[in-house]
file entry_9.pdb (PDB, C-alpha atoms, pLDDT in the B column)
ATOM      1  CA  MET A   1       0.000   0.000   0.000  1.00 36.00           C
ATOM      2  CA  GLY A   2       1.650   3.238  -1.112  1.00 40.00           C
ATOM      3  CA  VAL A   3       0.965   6.730   0.054  1.00 42.00           C
ATOM      4  CA  LEU A   4       0.656   8.126  -3.413  1.00 43.00           C
ATOM      5  CA  SER A   5       0.593   6.599  -6.827  1.00 42.00           C
ATOM      6  CA  LEU A   6       0.406   9.211  -9.520  1.00 43.00           C
ATOM      7  CA  SER A   7       1.034   8.768 -13.217  1.00 42.00           C
ATOM      8  CA  SER A   8       3.081  11.370 -15.034  1.00 40.00           C
ATOM      9  CA  LYS A   9       0.105  12.321 -17.184  1.00 44.00           C
ATOM     10  CA  ALA A  10      -3.404  12.721 -15.868  1.00 45.00           C
ATOM     11  CA  SER A  11      -6.035  11.704 -18.338  1.00 47.00           C
ATOM     12  CA  CYS A  12      -9.582  12.827 -17.883  1.00 51.00           C
ATOM     13  CA  ALA A  13     -12.247  13.602 -20.405  1.00 47.00           C
ATOM     14  CA  SER A  14     -13.276  16.733 -18.527  1.00 47.00           C
ATOM     15  CA  THR A  15      -9.715  18.121 -18.342  1.00 46.00           C
ATOM     16  CA  PRO A  16      -9.234  20.816 -20.988  1.00 47.00           C
ATOM     17  CA  TRP A  17      -5.429  20.494 -20.860  1.00 46.00           C
ATOM     18  CA  LYS A  18      -3.361  18.266 -23.116  1.00 48.00           C
ATOM     19  CA  THR A  19      -0.073  18.105 -21.182  1.00 52.00           C
ATOM     20  CA  ARG A  20       1.217  18.721 -17.680  1.00 51.00           C
ATOM     21  CA  ALA A  21       2.971  21.867 -18.907  1.00 49.00           C
ATOM     22  CA  GLN A  22      -0.290  23.204 -20.286  1.00 52.00           C
ATOM     23  CA  SER A  23      -2.043  22.218 -17.071  1.00 52.00           C
ATOM     24  CA  ARG A  24       0.414  24.311 -15.064  1.00 50.00           C
ATOM     25  CA  LEU A  25      -0.332  27.293 -17.279  1.00 48.00           C
ATOM     26  CA  SER A  26      -4.030  26.729 -16.732  1.00 52.00           C
ATOM     27  CA  CYS A  27      -3.662  26.245 -12.996  1.00 49.00           C
ATOM     28  CA  SER A  28      -5.170  29.642 -12.319  1.00 47.00           C
ATOM     29  CA  ARG A  29      -8.403  28.350 -13.845  1.00 52.00           C
ATOM     30  CA  ILE A  30      -8.905  25.863 -11.020  1.00 49.00           C
ATOM     31  CA  CYS A  31     -12.021  26.869  -9.170  1.00 52.00           C
ATOM     32  CA  CYS A  32     -13.119  25.484  -5.866  1.00 50.00           C
ATOM     33  CA  VAL A  33     -16.849  25.150  -5.768  1.00 56.00           C
ATOM     34  CA  ALA A  34     -19.060  24.079  -2.910  1.00 61.00           C
ATOM     35  CA  GLY A  35     -18.326  20.400  -3.673  1.00 69.00           C
ATOM     36  CA  GLY A  36     -14.560  20.926  -3.983  1.00 81.00           C
ATOM     37  CA  ALA A  37     -12.239  20.205  -6.866  1.00 85.00           C
ATOM     38  CA  ASP A  38     -13.076  17.508  -9.395  1.00 87.00           C
ATOM     39  CA  PRO A  39     -10.791  14.425  -9.622  1.00 90.00           C
ATOM     40  CA  CYS A  40      -8.742  15.855 -12.500  1.00 92.00           C
ATOM     41  CA  GLN A  41      -8.091  19.062 -10.599  1.00 90.00           C
ATOM     42  CA  LYS A  42      -7.042  17.030  -7.550  1.00 90.00           C
ATOM     43  CA  VAL A  43      -4.533  15.081  -9.670  1.00 92.00           C
ATOM     44  CA  LEU A  44      -3.142  18.372 -10.977  1.00 93.00           C
ATOM     45  CA  ILE A  45      -2.859  19.858  -7.480  1.00 91.00           C
ATOM     46  CA  ILE A  46      -1.169  16.746  -6.093  1.00 90.00           C
ATOM     47  CA  SER A  47       1.237  16.613  -9.057  1.00 92.00           C
ATOM     48  CA  LEU A  48       2.207  20.248  -8.413  1.00 93.00           C
ATOM     49  CA  PHE A  49       2.851  19.454  -4.733  1.00 91.00           C
ATOM     50  CA  GLN A  50       4.831  16.372  -5.742  1.00 91.00           C
ATOM     51  CA  ASP A  51       6.927  18.281  -8.287  1.00 93.00           C
ATOM     52  CA  ALA A  52       7.662  20.980  -5.697  1.00 93.00           C
ATOM     53  CA  GLY A  53       8.904  18.379  -3.203  1.00 92.00           C
ATOM     54  CA  SER A  54       6.164  19.098  -0.680  1.00 92.00           C
ATOM     55  CA  LEU A  55       4.942  15.504  -0.590  1.00 89.00           C
ATOM     56  CA  ALA A  56       8.435  14.087  -0.071  1.00 91.00           C
ATOM     57  CA  PHE A  57       8.948  16.498   2.825  1.00 92.00           C
ATOM     58  CA  ALA A  58       5.593  15.559   4.382  1.00 91.00           C
ATOM     59  CA  VAL A  59       6.386  11.839   4.058  1.00 91.00           C
ATOM     60  CA  GLU A  60       9.746  12.329   5.806  1.00 93.00           C
ATOM     61  CA  VAL A  61       8.095  14.276   8.645  1.00 94.00           C
ATOM     62  CA  LEU A  62       5.489  11.536   9.067  1.00 93.00           C
ATOM     63  CA  ARG A  63       8.168   8.827   9.064  1.00 93.00           C
ATOM     64  CA  SER A  64      10.111  10.748  11.711  1.00 94.00           C
ATOM     65  CA  LEU A  65       7.001  10.988  13.887  1.00 94.00           C
ATOM     66  CA  GLN A  66       6.375   7.269  13.364  1.00 93.00           C
ATOM     67  CA  ARG A  67       9.890   6.459  14.617  1.00 94.00           C
ATOM     68  CA  GLU A  68       9.427   8.728  17.646  1.00 96.00           C
ATOM     69  CA  LEU A  69       6.131   7.031  18.522  1.00 95.00           C
ATOM     70  CA  GLU A  70       7.640   3.563  18.136  1.00 94.00           C
ATOM     71  CA  ASN A  71      10.560   4.550  20.372  1.00 96.00           C
ATOM     72  CA  GLU A  72       8.193   5.944  22.995  1.00 96.00           C
ATOM     73  CA  VAL A  73       6.064   2.784  22.934  1.00 96.00           C
ATOM     74  CA  GLY A  74       9.254   0.745  23.339  1.00 96.00           C
ATOM     75  CA  ARG A  75      10.241   2.877  26.331  1.00 96.00           C
ATOM     76  CA  LEU A  76       6.799   2.402  27.891  1.00 96.00           C
ATOM     77  CA  GLU A  77       7.042  -1.355  27.341  1.00 96.00           C
ATOM     78  CA  VAL A  78      10.365  -1.412  29.195  1.00 96.00           C
ATOM     79  CA  VAL A  79       9.004   0.690  32.078  1.00 96.00           C
ATOM     80  CA  THR A  80       5.811  -1.364  32.437  1.00 95.00           C
ATOM     81  CA  ALA A  81       7.467  -4.692  31.548  1.00 95.00           C
ATOM     82  CA  LYS A  82       4.472  -5.410  29.309  1.00 94.00           C
ATOM     83  CA  GLU A  83       4.052  -5.548  25.570  1.00 93.00           C
ATOM     84  CA  ILE A  84       1.613  -2.918  24.314  1.00 93.00           C
ATOM     85  CA  LEU A  85       0.244  -4.774  21.301  1.00 93.00           C
ATOM     86  CA  GLY A  86      -2.825  -2.571  20.798  1.00 93.00           C
ATOM     87  CA  ILE A  87      -0.805   0.589  20.284  1.00 93.00           C
ATOM     88  CA  ARG A  88       1.753  -1.234  18.139  1.00 93.00           C
ATOM     89  CA  LYS A  89      -1.085  -2.509  15.952  1.00 94.00           C
ATOM     90  CA  ILE A  90      -2.481   1.025  15.592  1.00 93.00           C
ATOM     91  CA  LEU A  91       0.977   2.326  14.664  1.00 91.00           C
ATOM     92  CA  GLY A  92       1.253  -0.420  12.063  1.00 91.00           C
ATOM     93  CA  VAL A  93      -1.980   0.698  10.432  1.00 91.00           C
ATOM     94  CA  PHE A  94      -0.611   4.206   9.990  1.00 87.00           C
ATOM     95  CA  GLU A  95       2.832   3.102   8.804  1.00 87.00           C
ATOM     96  CA  ILE A  96       3.938   4.799   5.608  1.00 84.00           C
ATOM     97  CA  ASP A  97       5.027   2.480   2.824  1.00 79.00           C
ATOM     98  CA  GLU A  98       7.477   3.405   0.114  1.00 68.00           C
ATOM     99  CA  VAL A  99       6.224   6.162  -2.144  1.00 63.00           C
TER     100      VAL A  99
END
call {"tool": "encode", "arguments": {"input": "entry_9.pdb", "output": "structure tokens"}}
result
Amino acid sequence: MGVLSLSSKASCASTPWKTRAQSRLSCSRICCVAGGADPCQKVLIISLFQDAGSLAFAVEVLRSLQRELENEVGRLEVVTAKEILGIRKILGVFEIDEV
């Protein structure tokens, strides 16, 4: 299970853009309506974040927090001399796979 799987080209019948370069030029046309962005606009927004390195940074921050939580659970297990399987299982659910 990956955090993000994004193809280099978004294809959508409702997208008026032909290439990613054209989509960047048309980025100002993205309108948020009451229901939010449509799927094609979301792919464009995520690809812009990914290209800017924002997603890689966020993944590294989340991985760092994951390690801190695992270390703290380990410390608590040593102090209490009991395995805390419930919390370890919860941490496993939120573990970030390779992107």
call {"tool": "atom_distance", "arguments": {"input": "entry_9.pdb", "atom1": "atom CA of A:Ile96", "atom2": "atom CA of A:Val43"}}
result
20.3 Å
call {"tool": "atom_distance", "arguments": {"input": "entry_9.pdb", "atom1": "atom CA of A:Leu69", "atom2": "atom CA of A:Ser54"}}
result
22.7 Å
call {"tool": "residues_around", "arguments": {"input": "entry_9.pdb", "residues": "stretch 70-80 of chain A", "least_positions_apart": "5", "cutoff": "12 Å", "atoms": "only C-alpha atoms", "output": "VMD selection string"}}
result
chain A and resid 63 to 65 85 to 92 94 to 95
call {"tool": "axis_aligned_box", "arguments": {"input": "entry_9.pdb", "around": "stretch 65-79 of chain A", "padding_each_side": "4 Å", "output": "JSON"}}
result
{"center_x": 8.3, "center_y": 4.8, "center_z": 22.7, "size_x": 12.5, "size_y": 20.4, "size_z": 26.7}
